[in-house]
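Everything on this sheet refers to the single structure shown next.
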Amino acid sequence: MSESVPFTDIAMDDAMVERVEAVLRSGRHVKGPECETFEANFAAACETDHAVGVSNGTAALLLAMKVLDIGPGDEVFVPAHTYFATVSPILELGATPRFVDIDPERYTMDPDALRDAAAASESPAAIAVTHMHGQPAAMDELLAIADRHDLRVIEDAAQAHLATVDGRPVGSLGDIGCFSFYPTKNMTVGGDGGMVTTDDETLADHIRALRNHGRDESGEHVSLGLNYRLDETNAAVGDEQLARLPSWIDGRREAAAAYDDRLNACSAVVTPATVEGATHVYHHYPVQVPAGEREAFRAFLDERGVSTGVHYDRTVQAQPAVRERVDASETPVAAEYCARTVSLPMHPRLSDDDIATVCDAVEAFAEGER
Ligand SMILES: Cc1ncc(COP(=O)(O)O)c(C=O)c1O
């Protein structure tokens, strides 16, 4: 059997460990300078005026929607293919998610489908758009529709740190950007963590208050916040990881180009699209396999030491917790994609041999060796 190829690989180095040790010895564990430094550097990287560190990506989305006043009676448009956490905050706030189908090439919210959904909506309030797998959504078109219907725009950039559209980083394109640093993401904080980005000072201040029990600068509890703070040790790791992220993205993009070279011509799979003007950061490298063959494909690769993942196996409205709360129609493109998608190993340290092992296995499957 070939060397095994892990699905992902989380980088921690001595500099990160030393910085955490310094924080631990400093005695300042929350609300300190590490969070402020990380926020300033993250805002600069995203080209936004503000970045606010929070406890995880789900909290980022919840707080973003809260400060945009999303609540009962509001309809929020979301792609049918995204992680559950894009949708759960909408339901938590008593608003209604409206599921929009995806573009068959980009795998992100389809502007034509949004146009129809917004026209049919009685109380359109916002879009929560996901840059899925690291591929930026069609923001120019989506923003134009948002403008026409007066919709607020939340970017779920949990899988797409530093992806760009015409040179502009995601998280700077809508009203608010939301990021996750969960350990499998393109950068982590060595645990759970999240970030909210915005150019709007009022929104940023409101989120800063809500993450810390609704306290303002004077210490008064002026709004009903809870505790969604980002710890100092996590912020220290995040800041170190952020500095390395551009070179890690290069590594991911090189790996994706090498996969494309071998697999674009392979009959068993459909490879991800490269979109003019968009920089994909390949949180995942998803391929579509023939309908009904996913489990056989994954087992075949597994036998050859290649780990795979599925992101995700169904649309969000097909999840039981959503199905029982929302009467949503199916979205055929997203449903078919979810039935066929498989994510191949992807991280910045994939070697040429790793790529060859994966591609040999995929091609052997295509040639009928199964
Ligand atoms: C697209 C998307 N949105 C939101 C989240 C939620 O982030 P977290 O796990 O940090 O709460 C994730 C990651 O898990 C995600 O992939």
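Just remember, in the structure tokens the first chain shown is A, the second B, etc., residues are 1-based per chain, and ligands are 1-based in the order shown.
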
Problem set entry | Surroundings of ligand 1 up to 6 Å, based on only C-alpha atoms and all ligand atoms, as a PyMOL selection string | chain A and resi 56-58+82-83+85-86+130+156+158-159+180-182+192-194

Problem set entry | All alpha helix (DSSP H) residues (DSSP, backbone) inside segment 138-220 of chain A, as JSON, numbers by chain | {"A": [139, 140, 141, 142, 143, 144, 145, 146, 147, 148, 149, 201, 202, 203, 204, 205, 206, 207, 208, 209, 210]}

For this session: Please identify all polymer residues within 10 Å of segment 288-292 of chain A, counting only C-alpha atoms, omitting same-chain residues fewer than 4 positions from it, and present them as number ranges by chain.
Result: A: 267-272, 296-298, 336-343, 366

Could those selected residues go to a file with N, CA, C and O atoms, as a PDB file, in the first residue's frame?
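selection-v3.pdb, written as the output of this step:
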```pdb
ATOM      1  N   SER A 267     -12.385  11.046 -16.205  1.00  0.00           N
ATOM      2  CA  SER A 267     -13.831  10.921 -16.447  1.00  0.00           C
ATOM      3  C   SER A 267     -14.638  10.680 -15.168  1.00  0.00           C
ATOM      4  O   SER A 267     -15.842  10.905 -15.144  1.00  0.00           O
ATOM      5  N   ALA A 268     -13.989  10.252 -14.094  1.00  0.00           N
ATOM      6  CA  ALA A 268     -14.762   9.884 -12.888  1.00  0.00           C
ATOM      7  C   ALA A 268     -15.122  11.075 -12.029  1.00  0.00           C
ATOM      8  O   ALA A 268     -15.975  10.948 -11.147  1.00  0.00           O
ATOM      9  N   VAL A 269     -14.465  12.206 -12.248  1.00  0.00           N
ATOM     10  CA  VAL A 269     -14.699  13.325 -11.329  1.00  0.00           C
ATOM     11  C   VAL A 269     -14.879  14.653 -12.063  1.00  0.00           C
ATOM     12  O   VAL A 269     -14.363  14.846 -13.160  1.00  0.00           O
ATOM     13  N   VAL A 270     -15.607  15.559 -11.413  1.00  0.00           N
ATOM     14  CA  VAL A 270     -15.692  16.963 -11.865  1.00  0.00           C
ATOM     15  C   VAL A 270     -14.880  17.774 -10.862  1.00  0.00           C
ATOM     16  O   VAL A 270     -15.126  17.689  -9.649  1.00  0.00           O
ATOM     17  N   THR A 271     -13.902  18.525 -11.346  1.00  0.00           N
ATOM     18  CA  THR A 271     -13.023  19.288 -10.451  1.00  0.00           C
ATOM     19  C   THR A 271     -13.596  20.694 -10.219  1.00  0.00           C
ATOM     20  O   THR A 271     -14.443  21.159 -10.990  1.00  0.00           O
ATOM     21  N   PRO A 272     -13.130  21.396  -9.177  1.00  0.00           N
ATOM     22  CA  PRO A 272     -13.680  22.731  -8.900  1.00  0.00           C
ATOM     23  C   PRO A 272     -13.328  23.742  -9.993  1.00  0.00           C
ATOM     24  O   PRO A 272     -12.257  23.665 -10.595  1.00  0.00           O
ATOM     25  N   ALA A 296     -18.526   4.001  -2.704  1.00  0.00           N
ATOM     26  CA  ALA A 296     -17.551   3.113  -3.351  1.00  0.00           C
ATOM     27  C   ALA A 296     -16.252   3.877  -3.634  1.00  0.00           C
ATOM     28  O   ALA A 296     -15.145   3.364  -3.416  1.00  0.00           O
ATOM     29  N   PHE A 297     -16.380   5.101  -4.080  1.00  0.00           N
ATOM     30  CA  PHE A 297     -15.209   5.942  -4.386  1.00  0.00           C
ATOM     31  C   PHE A 297     -14.389   6.174  -3.118  1.00  0.00           C
ATOM     32  O   PHE A 297     -13.165   6.007  -3.094  1.00  0.00           O
ATOM     33  N   ARG A 298     -15.067   6.539  -2.040  1.00  0.00           N
ATOM     34  CA  ARG A 298     -14.349   6.837  -0.794  1.00  0.00           C
ATOM     35  C   ARG A 298     -13.676   5.577  -0.245  1.00  0.00           C
ATOM     36  O   ARG A 298     -12.540   5.628   0.231  1.00  0.00           O
ATOM     37  N   GLU A 336     -28.293  17.857  -5.678  1.00  0.00           N
ATOM     38  CA  GLU A 336     -27.484  16.926  -6.478  1.00  0.00           C
ATOM     39  C   GLU A 336     -25.995  17.043  -6.105  1.00  0.00           C
ATOM     40  O   GLU A 336     -25.288  16.051  -5.958  1.00  0.00           O
ATOM     41  N   TYR A 337     -25.566  18.272  -5.916  1.00  0.00           N
ATOM     42  CA  TYR A 337     -24.159  18.477  -5.534  1.00  0.00           C
ATOM     43  C   TYR A 337     -23.852  17.763  -4.211  1.00  0.00           C
ATOM     44  O   TYR A 337     -22.832  17.080  -4.084  1.00  0.00           O
ATOM     45  N   CYS A 338     -24.738  17.936  -3.244  1.00  0.00           N
ATOM     46  CA  CYS A 338     -24.510  17.315  -1.920  1.00  0.00           C
ATOM     47  C   CYS A 338     -24.458  15.787  -2.032  1.00  0.00           C
ATOM     48  O   CYS A 338     -23.764  15.132  -1.253  1.00  0.00           O
ATOM     49  N   ALA A 339     -25.184  15.227  -2.986  1.00  0.00           N
ATOM     50  CA  ALA A 339     -25.183  13.771  -3.148  1.00  0.00           C
ATOM     51  C   ALA A 339     -23.907  13.274  -3.815  1.00  0.00           C
ATOM     52  O   ALA A 339     -23.570  12.091  -3.729  1.00  0.00           O
ATOM     53  N   ARG A 340     -23.188  14.181  -4.510  1.00  0.00           N
ATOM     54  CA  ARG A 340     -22.042  13.724  -5.327  1.00  0.00           C
ATOM     55  C   ARG A 340     -20.688  14.223  -4.842  1.00  0.00           C
ATOM     56  O   ARG A 340     -19.653  13.791  -5.339  1.00  0.00           O
ATOM     57  N   THR A 341     -20.663  15.150  -3.886  1.00  0.00           N
ATOM     58  CA  THR A 341     -19.385  15.782  -3.562  1.00  0.00           C
ATOM     59  C   THR A 341     -18.515  14.941  -2.625  1.00  0.00           C
ATOM     60  O   THR A 341     -19.018  14.303  -1.703  1.00  0.00           O
ATOM     61  N   VAL A 342     -17.217  14.966  -2.900  1.00  0.00           N
ATOM     62  CA  VAL A 342     -16.207  14.326  -2.038  1.00  0.00           C
ATOM     63  C   VAL A 342     -15.016  15.281  -1.973  1.00  0.00           C
ATOM     64  O   VAL A 342     -14.550  15.758  -3.009  1.00  0.00           O
ATOM     65  N   SER A 343     -14.518  15.544  -0.770  1.00  0.00           N
ATOM     66  CA  SER A 343     -13.349  16.423  -0.643  1.00  0.00           C
ATOM     67  C   SER A 343     -12.083  15.576  -0.567  1.00  0.00           C
ATOM     68  O   SER A 343     -11.976  14.678   0.274  1.00  0.00           O
ATOM     69  N   ALA A 366     -11.489   5.484 -11.888  1.00  0.00           N
ATOM     70  CA  ALA A 366     -12.122   5.824 -13.177  1.00  0.00           C
ATOM     71  C   ALA A 366     -11.929   4.715 -14.195  1.00  0.00           C
ATOM     72  O   ALA A 366     -12.800   4.455 -15.024  1.00  0.00           O
TER      73      ALA A 366
END
```

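Those residues that approach segment 14-22 of chain A to within 7 Å, counting only C-alpha atoms, are Arg25, Ser26, Thr233, Ala236, Val237 and Glu240 of chain A; same-chain residues fewer than 3 positions away are not listed.
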
Seminar exercise, completed: Using only C-alpha atoms, the shortest atom-to-atom distance to Phe84 of chain A among A:Glu330, A:Glu303, A:Asp313, A:Glu367 belongs to A:Asp313

Problem set entry | Non-local contacts of segment 144-155 of chain A (7 Å; only C-alpha atoms; under 4 positions in same chain excluded) as a PyMOL selection string | chain A and resi 115+124-130+140+171+174-178

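Among A:Arg168, A:Arg98, A:Arg349, A:Arg253, the residue with the shortest atom-to-atom distance to Ser329 of chain A, counting only C-alpha atoms, is A:Arg98.
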
For this session: Write down as a PyMOL selection string the residues of segment 78-265 of chain A whose backbone DSSP state falls under strand (DSSP E).
Result: chain A and resi 78-79+96-100+124-130+152-156+164-165+168-169+176-180+194-198

Emit the selected residues as a compact mmCIF listing (two decimals), in the first residue's frame, including N, CA and C atoms.
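Once everything was written out, this is part.txt:
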```txt
# COMPACT_ATOMS: atom_id res chain seq x y z
N VAL A 78 -30.13 32.41 2.40
CA VAL A 78 -28.88 31.65 2.63
C VAL A 78 -28.72 30.63 1.52
N PRO A 79 -27.48 30.28 1.19
CA PRO A 79 -27.32 29.20 0.20
C PRO A 79 -27.76 27.88 0.83
N THR A 96 -36.52 33.96 9.62
CA THR A 96 -36.82 32.82 8.74
C THR A 96 -35.74 32.68 7.67
N PRO A 97 -35.07 31.53 7.60
CA PRO A 97 -34.12 31.34 6.51
C PRO A 97 -34.85 31.00 5.22
N ARG A 98 -34.43 31.63 4.13
CA ARG A 98 -34.96 31.29 2.80
C ARG A 98 -33.81 30.69 2.01
N PHE A 99 -33.96 29.43 1.61
CA PHE A 99 -32.85 28.69 1.01
C PHE A 99 -32.77 28.95 -0.49
N VAL A 100 -31.60 29.38 -0.91
CA VAL A 100 -31.38 29.77 -2.31
C VAL A 100 -30.46 28.72 -2.94
N PRO A 124 -38.05 40.71 2.94
CA PRO A 124 -36.62 40.43 2.75
C PRO A 124 -35.77 41.34 3.63
N ALA A 125 -34.84 40.76 4.37
CA ALA A 125 -34.05 41.59 5.30
C ALA A 125 -32.55 41.52 5.02
N ALA A 126 -32.05 40.33 4.72
CA ALA A 126 -30.59 40.18 4.62
C ALA A 126 -30.22 38.96 3.80
N ILE A 127 -28.95 38.93 3.42
CA ILE A 127 -28.34 37.75 2.79
C ILE A 127 -27.21 37.30 3.70
N ALA A 128 -27.14 36.01 3.96
CA ALA A 128 -25.95 35.45 4.62
C ALA A 128 -25.30 34.55 3.57
N VAL A 129 -24.26 35.06 2.95
CA VAL A 129 -23.67 34.35 1.80
C VAL A 129 -22.35 33.69 2.20
N THR A 130 -22.22 32.42 1.84
CA THR A 130 -21.02 31.65 2.23
C THR A 130 -20.04 31.56 1.06
N ARG A 152 -29.33 43.76 3.94
CA ARG A 152 -28.02 43.79 4.56
C ARG A 152 -27.26 42.53 4.13
N VAL A 153 -25.94 42.62 4.04
CA VAL A 153 -25.16 41.49 3.54
C VAL A 153 -24.14 41.02 4.57
N ILE A 154 -24.31 39.77 4.98
CA ILE A 154 -23.36 39.13 5.91
C ILE A 154 -22.57 38.12 5.10
N GLU A 155 -21.26 38.24 5.13
CA GLU A 155 -20.43 37.24 4.44
C GLU A 155 -20.01 36.18 5.44
N ASP A 156 -20.34 34.93 5.16
CA ASP A 156 -19.81 33.83 5.97
C ASP A 156 -18.50 33.41 5.31
N THR A 164 -10.04 36.46 -2.39
CA THR A 164 -10.32 37.81 -2.90
C THR A 164 -11.25 37.78 -4.12
N VAL A 165 -11.92 38.92 -4.30
CA VAL A 165 -12.74 39.16 -5.50
C VAL A 165 -12.18 40.43 -6.12
N ARG A 168 -10.04 42.32 -3.84
CA ARG A 168 -10.56 42.77 -2.53
C ARG A 168 -10.87 41.57 -1.66
N PRO A 169 -10.38 41.56 -0.41
CA PRO A 169 -10.57 40.38 0.44
C PRO A 169 -12.02 40.16 0.84
N ILE A 176 -20.92 43.01 6.94
CA ILE A 176 -20.15 42.38 8.01
C ILE A 176 -19.59 41.06 7.48
N GLY A 177 -18.34 40.76 7.84
CA GLY A 177 -17.73 39.47 7.51
C GLY A 177 -17.57 38.64 8.77
N CYS A 178 -17.76 37.32 8.63
CA CYS A 178 -17.66 36.43 9.80
C CYS A 178 -16.69 35.31 9.49
N PHE A 179 -15.76 35.09 10.43
CA PHE A 179 -14.70 34.11 10.23
C PHE A 179 -14.68 33.10 11.38
N SER A 180 -14.23 31.90 11.06
CA SER A 180 -14.03 30.86 12.09
C SER A 180 -12.55 30.49 12.10
N GLY A 194 -13.21 33.06 16.61
CA GLY A 194 -13.88 33.66 15.45
C GLY A 194 -13.55 35.13 15.36
N MET A 195 -13.96 35.77 14.27
CA MET A 195 -13.68 37.19 14.07
C MET A 195 -14.82 37.79 13.24
N VAL A 196 -15.15 39.03 13.56
CA VAL A 196 -16.14 39.78 12.79
C VAL A 196 -15.41 40.97 12.17
N THR A 197 -15.60 41.22 10.89
CA THR A 197 -14.96 42.36 10.24
C THR A 197 -16.03 43.31 9.70
N THR A 198 -15.75 44.59 9.77
CA THR A 198 -16.68 45.58 9.22
C THR A 198 -15.99 46.94 9.11
```

Problem set entry | Non-local contacts of Ala328 of chain A (12 Å; only C-alpha atoms; under 3 positions in same chain excluded) as a VMD selection string | chain A and resid 77 to 78 80 96 to 101 117 315 to 319 322 to 325 331

I need the residues from that last selection saved to file as a JSON list (two decimals), in the first residue's frame (with N, CA and C atoms), if you can.
```json
[["chain", "number", "residue", "atom", "x", "y", "z"],
["A", 77, "PHE", "N", -31.81, 35.32, 3.32],
["A", 77, "PHE", "CA", -31.48, 34.40, 2.22],
["A", 77, "PHE", "C", -30.14, 33.74, 2.49],
["A", 78, "VAL", "N", -30.13, 32.41, 2.40],
["A", 78, "VAL", "CA", -28.88, 31.65, 2.63],
["A", 78, "VAL", "C", -28.72, 30.63, 1.52],
["A", 80, "ALA", "N", -28.39, 27.04, 0.00],
["A", 80, "ALA", "CA", -28.85, 25.75, 0.51],
["A", 80, "ALA", "C", -27.67, 24.84, 0.83],
["A", 96, "THR", "N", -36.52, 33.96, 9.62],
["A", 96, "THR", "CA", -36.82, 32.82, 8.74],
["A", 96, "THR", "C", -35.74, 32.68, 7.67],
["A", 97, "PRO", "N", -35.07, 31.53, 7.60],
["A", 97, "PRO", "CA", -34.12, 31.34, 6.51],
["A", 97, "PRO", "C", -34.85, 31.00, 5.22],
["A", 98, "ARG", "N", -34.43, 31.63, 4.13],
["A", 98, "ARG", "CA", -34.96, 31.29, 2.80],
["A", 98, "ARG", "C", -33.81, 30.69, 2.01],
["A", 99, "PHE", "N", -33.96, 29.43, 1.61],
["A", 99, "PHE", "CA", -32.85, 28.69, 1.01],
["A", 99, "PHE", "C", -32.77, 28.95, -0.49],
["A", 100, "VAL", "N", -31.60, 29.38, -0.91],
["A", 100, "VAL", "CA", -31.38, 29.77, -2.31],
["A", 100, "VAL", "C", -30.46, 28.72, -2.94],
["A", 101, "ASP", "N", -30.77, 28.33, -4.16],
["A", 101, "ASP", "CA", -29.96, 27.28, -4.82],
["A", 101, "ASP", "C", -28.57, 27.82, -5.16],
["A", 117, "ALA", "N", -35.89, 34.68, -5.52],
["A", 117, "ALA", "CA", -36.32, 34.53, -4.12],
["A", 117, "ALA", "C", -36.60, 35.89, -3.49],
["A", 315, "THR", "N", -28.44, 19.21, 1.85],
["A", 315, "THR", "CA", -28.68, 20.65, 1.97],
["A", 315, "THR", "C", -29.05, 20.96, 3.43],
["A", 316, "VAL", "N", -28.93, 22.22, 3.82],
["A", 316, "VAL", "CA", -29.22, 22.57, 5.22],
["A", 316, "VAL", "C", -30.70, 22.35, 5.52],
["A", 317, "GLN", "N", -31.58, 22.65, 4.52],
["A", 317, "GLN", "CA", -33.01, 22.50, 4.83],
["A", 317, "GLN", "C", -33.41, 21.04, 4.98],
["A", 318, "ALA", "N", -32.50, 20.11, 4.57],
["A", 318, "ALA", "CA", -32.80, 18.68, 4.75],
["A", 318, "ALA", "C", -32.33, 18.17, 6.13],
["A", 319, "GLN", "N", -31.67, 19.01, 6.91],
["A", 319, "GLN", "CA", -31.26, 18.62, 8.27],
["A", 319, "GLN", "C", -32.50, 18.58, 9.16],
["A", 322, "VAL", "N", -33.74, 21.70, 10.99],
["A", 322, "VAL", "CA", -34.26, 22.77, 10.14],
["A", 322, "VAL", "C", -35.60, 22.33, 9.54],
["A", 323, "ARG", "N", -35.63, 21.07, 9.10],
["A", 323, "ARG", "CA", -36.85, 20.53, 8.47],
["A", 323, "ARG", "C", -38.07, 20.70, 9.37],
["A", 324, "GLU", "N", -37.85, 20.49, 10.68],
["A", 324, "GLU", "CA", -39.02, 20.56, 11.57],
["A", 324, "GLU", "C", -39.43, 22.00, 11.88],
["A", 325, "ARG", "N", -38.59, 22.96, 11.52],
["A", 325, "ARG", "CA", -38.93, 24.37, 11.80],
["A", 325, "ARG", "C", -39.30, 25.18, 10.57],
["A", 331, "THR", "N", -33.82, 22.45, -3.30],
["A", 331, "THR", "CA", -33.06, 23.23, -4.26],
["A", 331, "THR", "C", -32.26, 22.22, -5.08]]
```

Exercise. Leaving out Thr308 of chain A and any residue of its chain fewer than 3 positions from it, which residues lie within 12 Å of it when counting only C-alpha atoms, given as a VMD selection string?
Worked result: chain A and resid 4 to 8 284 to 287 294 to 295 297 to 305 311 341 to 346 358 361 to 362

Exercise. From the set A:Thr274, A:Ser223, A:Leu142, A:Thr357, which residue has the shortest atom-to-atom contact distance to Glu105 of chain A, counting only C-alpha atoms?
Worked result: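 Comparing A:Thr274, A:Ser223, A:Leu142, A:Thr357 against Glu105 of chain A, the winner is A:Thr274.
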
Problem set entry | Nearest-residue call for Met65 of chain A, choices A:Ala43, A:Leu203, A:Ala157, A:Met12, using only C-alpha atoms | A:Leu203

For this session: Find the distance between atom CA of Ala44 of chain A and atom CA of Asp69 of chain A and write it in Å to one decimal.
Result: 26.7 Å

For this session: Could you please determine the separation between atom CA of Gly219 of chain A and atom CA of Ala51 of chain A in Å, to one decimal place?
Result: 21.1 Å
